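Text of target-v8.tsv, listed as TSV, C-alpha atoms:
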```tsv
chain	number	residue	atom	x	y	z
A	784	GLY	CA	-1.36	9.85	18.25
A	785	GLY	CA	1.32	7.46	19.22
A	786	THR	CA	4.89	7.25	20.27
A	787	PRO	CA	7.40	8.22	17.56
A	788	ASP	CA	8.78	5.21	15.74
A	789	TYR	CA	12.27	6.02	14.50
A	790	SER	CA	12.05	3.38	11.78
A	791	GLY	CA	10.24	5.92	9.61
A	792	GLY	CA	6.57	5.52	10.56
A	793	THR	CA	4.25	6.29	13.44
A	794	ALA	CA	3.75	3.64	16.09
A	795	MET	CA	0.20	2.26	16.06
A	796	ALA	CA	0.02	1.34	19.74
A	797	ASP	CA	-3.26	3.25	20.16
A	798	ALA	CA	-4.87	1.92	16.97
A	799	THR	CA	-7.67	-0.62	17.02
A	800	ILE	CA	-7.14	-4.08	15.59
A	801	GLU	CA	-9.36	-3.08	12.63
A	802	GLN	CA	-7.22	0.00	11.94
A	803	ARG	CA	-4.02	-2.00	12.20
A	804	LEU	CA	-5.42	-4.69	9.89
A	805	ALA	CA	-6.47	-2.07	7.33
A	806	VAL	CA	-2.90	-0.69	7.25
A	807	LEU	CA	-1.43	-4.18	6.86
A	808	GLU	CA	-3.87	-4.98	4.04
A	809	ALA	CA	-3.03	-1.69	2.30
A	810	LYS	CA	0.70	-2.37	2.53
A	811	ASP	CA	0.24	-5.87	1.15
A	812	GLU	CA	-1.88	-4.63	-1.77
A	813	ILE	CA	0.68	-1.90	-2.55
A	814	ARG	CA	3.56	-4.41	-2.49
A	815	GLU	CA	1.60	-6.57	-4.92
A	816	LEU	CA	0.96	-3.51	-7.12
A	817	THR	CA	4.71	-2.91	-7.44
A	818	ALA	CA	5.34	-6.62	-8.08
A	819	ARG	CA	2.67	-6.68	-10.82
A	820	TYR	CA	4.24	-3.52	-12.26
A	821	CYS	CA	7.64	-5.27	-12.54
A	822	LEU	CA	6.08	-8.29	-14.22
A	823	ALA	CA	4.16	-6.11	-16.68
A	824	VAL	CA	7.32	-4.13	-17.52
A	825	ALA	CA	9.25	-7.38	-18.07
A	826	GLU	CA	6.49	-8.62	-20.38
A	827	GLY	CA	6.17	-5.28	-22.21
A	828	GLU	CA	2.47	-4.94	-21.31
A	829	ALA	CA	2.04	-1.17	-21.66
A	830	GLU	CA	-1.74	-1.13	-21.22
A	831	THR	CA	-1.49	-3.18	-18.03
A	832	ILE	CA	1.10	-0.76	-16.65
A	833	VAL	CA	-0.92	2.33	-17.56
A	834	ALA	CA	-3.97	0.83	-15.80
A	835	MET	CA	-1.89	0.70	-12.60
A	836	PHE	CA	-1.80	4.52	-12.50
A	837	THR	CA	-4.53	6.96	-11.57
A	838	SER	CA	-5.91	8.94	-14.52
A	839	ASP	CA	-3.76	11.90	-13.40
A	840	GLY	CA	-0.78	9.66	-12.61
A	841	VAL	CA	2.78	10.83	-13.18
A	842	PHE	CA	6.05	9.00	-13.88
A	843	THR	CA	9.37	10.87	-13.76
A	844	MET	CA	12.85	9.75	-14.71
A	845	ARG	CA	16.02	11.65	-15.50
A	846	ASP	CA	14.37	15.09	-15.75
A	847	ARG	CA	11.55	13.74	-17.92
A	848	GLU	CA	7.94	13.76	-16.79
A	849	PHE	CA	5.02	11.78	-18.21
A	850	ALA	CA	1.69	12.98	-16.80
A	851	GLY	CA	-1.73	11.47	-17.42
A	852	THR	CA	-2.88	8.34	-19.19
A	853	ASP	CA	-1.94	9.40	-22.74
A	854	GLN	CA	1.64	10.42	-21.87
A	855	LEU	CA	2.12	7.32	-19.72
A	856	ARG	CA	0.96	5.14	-22.63
A	857	VAL	CA	3.48	6.81	-24.94
A	858	MET	CA	6.27	6.36	-22.39
A	859	TYR	CA	5.58	2.68	-21.65
A	860	THR	CA	4.96	1.82	-25.32
A	861	GLY	CA	7.90	3.82	-26.67
A	862	ALA	CA	10.30	2.67	-23.97
A	863	ALA	CA	9.95	-0.92	-25.18
A	864	ASP	CA	11.36	-0.23	-28.66
A	865	GLY	CA	14.63	-2.17	-28.80
A	866	VAL	CA	14.81	-2.36	-25.00
A	867	SER	CA	13.99	-5.32	-22.80
A	868	PRO	CA	14.01	-4.24	-19.11
A	869	LYS	CA	13.58	-6.77	-16.29
A	870	PRO	CA	13.10	-4.82	-13.01
A	871	PHE	CA	13.45	-6.31	-9.52
A	872	ILE	CA	12.14	-4.50	-6.43
A	873	GLN	CA	13.57	-4.70	-2.92
A	874	ASN	CA	13.59	-2.97	0.47
A	875	HIS	CA	10.04	-1.63	0.13
A	876	VAL	CA	8.94	0.83	2.82
A	877	ILE	CA	5.32	2.04	2.80
A	878	GLU	CA	3.49	4.58	4.94
A	879	VAL	CA	-0.30	4.54	4.78
A	880	ASP	CA	-2.59	7.48	5.55
A	881	GLY	CA	-6.19	6.49	4.82
A	882	ASP	CA	-6.70	6.23	1.05
A	883	GLU	CA	-3.30	7.76	0.33
A	884	ALA	CA	0.14	6.25	0.87
A	885	THR	CA	3.78	6.91	0.13
A	886	GLY	CA	6.52	4.42	-0.49
A	887	ARG	CA	10.05	3.94	-1.58
A	888	CYS	CA	11.80	0.85	-2.85
A	889	GLY	CA	15.10	-0.07	-4.39
A	890	VAL	CA	15.09	-1.26	-7.97
A	891	GLU	CA	17.67	-3.14	-9.98
A	892	ILE	CA	17.04	-3.55	-13.68
A	893	ARG	CA	18.70	-6.02	-15.98
A	894	MET	CA	18.21	-4.78	-19.50
A	895	VAL	CA	19.14	-5.48	-23.07
A	896	ASN	CA	19.34	-2.33	-25.21
A	897	LYS	CA	19.98	-2.96	-28.92
A	898	GLY	CA	21.73	-6.25	-28.15
A	899	GLU	CA	23.92	-4.94	-25.31
A	900	ALA	CA	23.42	-5.88	-21.63
A	901	TYR	CA	22.91	-2.94	-19.25
A	902	THR	CA	22.72	-2.64	-15.49
A	903	VAL	CA	20.45	-0.02	-13.95
A	904	ALA	CA	19.87	0.73	-10.28
A	905	GLY	CA	17.99	3.34	-8.30
A	906	HIS	CA	15.00	3.96	-6.10
A	907	TYR	CA	11.35	4.52	-6.82
A	908	PHE	CA	9.74	7.22	-4.69
A	909	ASP	CA	6.03	6.55	-4.96
A	910	ARG	CA	2.67	8.01	-4.06
A	911	TYR	CA	-0.35	5.73	-4.10
A	912	ARG	CA	-4.08	6.41	-4.02
A	913	LYS	CA	-6.95	4.01	-3.43
A	914	VAL	CA	-9.51	4.43	-6.23
A	915	ASP	CA	-12.68	2.31	-6.37
A	916	GLY	CA	-11.19	-0.14	-3.88
A	917	ARG	CA	-7.86	-0.56	-5.74
A	918	TRP	CA	-4.47	0.87	-4.86
A	919	LEU	CA	-2.86	2.66	-7.84
A	920	PHE	CA	0.25	4.71	-8.46
A	921	SER	CA	-0.54	8.42	-8.41
A	922	ARG	CA	3.15	9.32	-8.82
A	923	ARG	CA	6.28	7.29	-9.44
A	924	ASP	CA	9.61	9.13	-9.38
A	925	PHE	CA	12.56	7.01	-10.52
A	926	LYS	CA	15.87	8.24	-9.12
A	927	VAL	CA	18.64	6.62	-11.17
A	928	TYR	CA	22.00	5.84	-9.50
A	929	HIS	CA	23.57	4.17	-12.51
A	930	TRP	CA	22.53	3.19	-16.04
A	931	VAL	CA	25.53	1.69	-17.78
A	932	PRO	CA	26.57	-1.15	-20.08
A	933	LEU	CA	27.25	-4.24	-17.98
A	934	SER	CA	30.65	-4.59	-19.69
A	935	LYS	CA	31.72	-1.22	-18.22
A	936	GLY	CA	30.19	-1.63	-14.76
A	937	TRP	CA	29.04	1.17	-12.50
A	938	ALA	CA	32.24	1.98	-10.60
```

Go ahead and render the structure in this file as structure tokens.
Amino acid sequence: GGTPDYSGGTAMADATIEQRLAVLEAKDEIRELTARYCLAVAEGEAETIVAMFTSDGVFTMRDREFAGTDQLRVMYTGAADGVSPKPFIQNHVIEVDGDEATGRCGVEIRMVNKGEAYTVAGHYFDRYRKVDGRWLFSRRDFKVYHWVPLSKGWA
């Protein structure tokens, strides 16, 4: 155990250097996973995105749930029809517990939908699992704050 850390995690004062390094490496790999996800979404690479999820992975958004590889493939392939999202991640917080982790990050999305510019913002609430040495999404819940035409704004 350690002293409570009111920034949202547990202080690692009692951890060994190896344990601390493993947590730092995990956080770095998870941050890169989310960055690669954004790039793959921007490029419309559905198969690349699906491969970033565990086989039982889940994505939720606006009361819709896509569970498992087949449903995720449908969601990421179908979502690209007439839509060109460009997501940007920020303020990523990750908590690692062995081969499992949780995270949350802000997301802003610039998007063109049928020729009209949209602005989207929210947070991803994520669960990650290390599978065969790779960190993957096991669950990604997208909480939307606004999803509106840019011409109208969000206020």

Contact table region 857-917 of chain A vs region 805-827 of chain A, cut-off 6 Å, shortest pair per residue, all atoms listed in the file, as a Markdown table:
```
| residue | atom | partner | partner_atom | distance |
| --- | --- | --- | --- | --- |
| A:Pro868 | CA | A:Ala825 | CA | 5.8 |
| A:Lys869 | CA | A:Ala825 | CA | 4.7 |
| A:Pro870 | CA | A:Cys821 | CA | 5.5 |
```

Same residues, C-alpha atoms, output as a PDB file, keeping the file's coordinate frame:
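Once everything was written out, this is out.pdb:
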```
ATOM      1  CA  PRO A 868      14.010  -4.240 -19.110  1.00  0.00           C
ATOM      2  CA  LYS A 869      13.580  -6.770 -16.290  1.00  0.00           C
ATOM      3  CA  PRO A 870      13.100  -4.820 -13.010  1.00  0.00           C
TER       4      PRO A 870
END
```

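The coordinates place CA of Thr837 (chain A) at 12.5 Å from CA of Asp909 (chain A).
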
Problem - Nearby residues (only C-alpha atoms) at most 12 Å from Glu899 (chain A), same-chain spacing under 5 positions excluded, as a ChimeraX atom specification - result: /A:865-868,893-894,931-935

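Of the listed residues (A:Ile872, A:Val879, A:Met844, A:Ala829), A:Val879 comes nearest to Leu804 (chain A); the distances count all atoms listed in the file.
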
If you count only C-alpha atoms, the residue of A:Val927, A:Val914, A:Ala834, A:Ala796 closest to Gly881 (chain A) turns out to be A:Val914

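Closest approach to Arg845 (chain A) from the set A:Trp937, A:Trp930, A:Tyr859, A:Phe925 is made by A:Phe925, with distances taken over all atoms listed in the file.
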
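Taking CA of Glu848 (chain A) as the reference point, CA of Asn874 (chain A) is found at 24.7 Å.
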
Across A:Asp882, A:Ile877, A:Gly889, A:Gly898, the smallest distance to Lys913 (chain A), with all atoms listed in the file counted, is shown by A:Asp882

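One distance worth recording is that between CA of Val890 (chain A) and CA of Val857 (chain A), which is 22.1 Å.
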
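Nearest to Val833 (chain A) of all the residues A:Thr799, A:Gly936, A:Arg922, A:Gly886 is A:Arg922, counting all atoms listed in the file.
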
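Nearest to Gly905 (chain A) of all the residues A:Arg887, A:Asp880, A:Tyr928, A:Phe920 is A:Tyr928, counting all atoms listed in the file.
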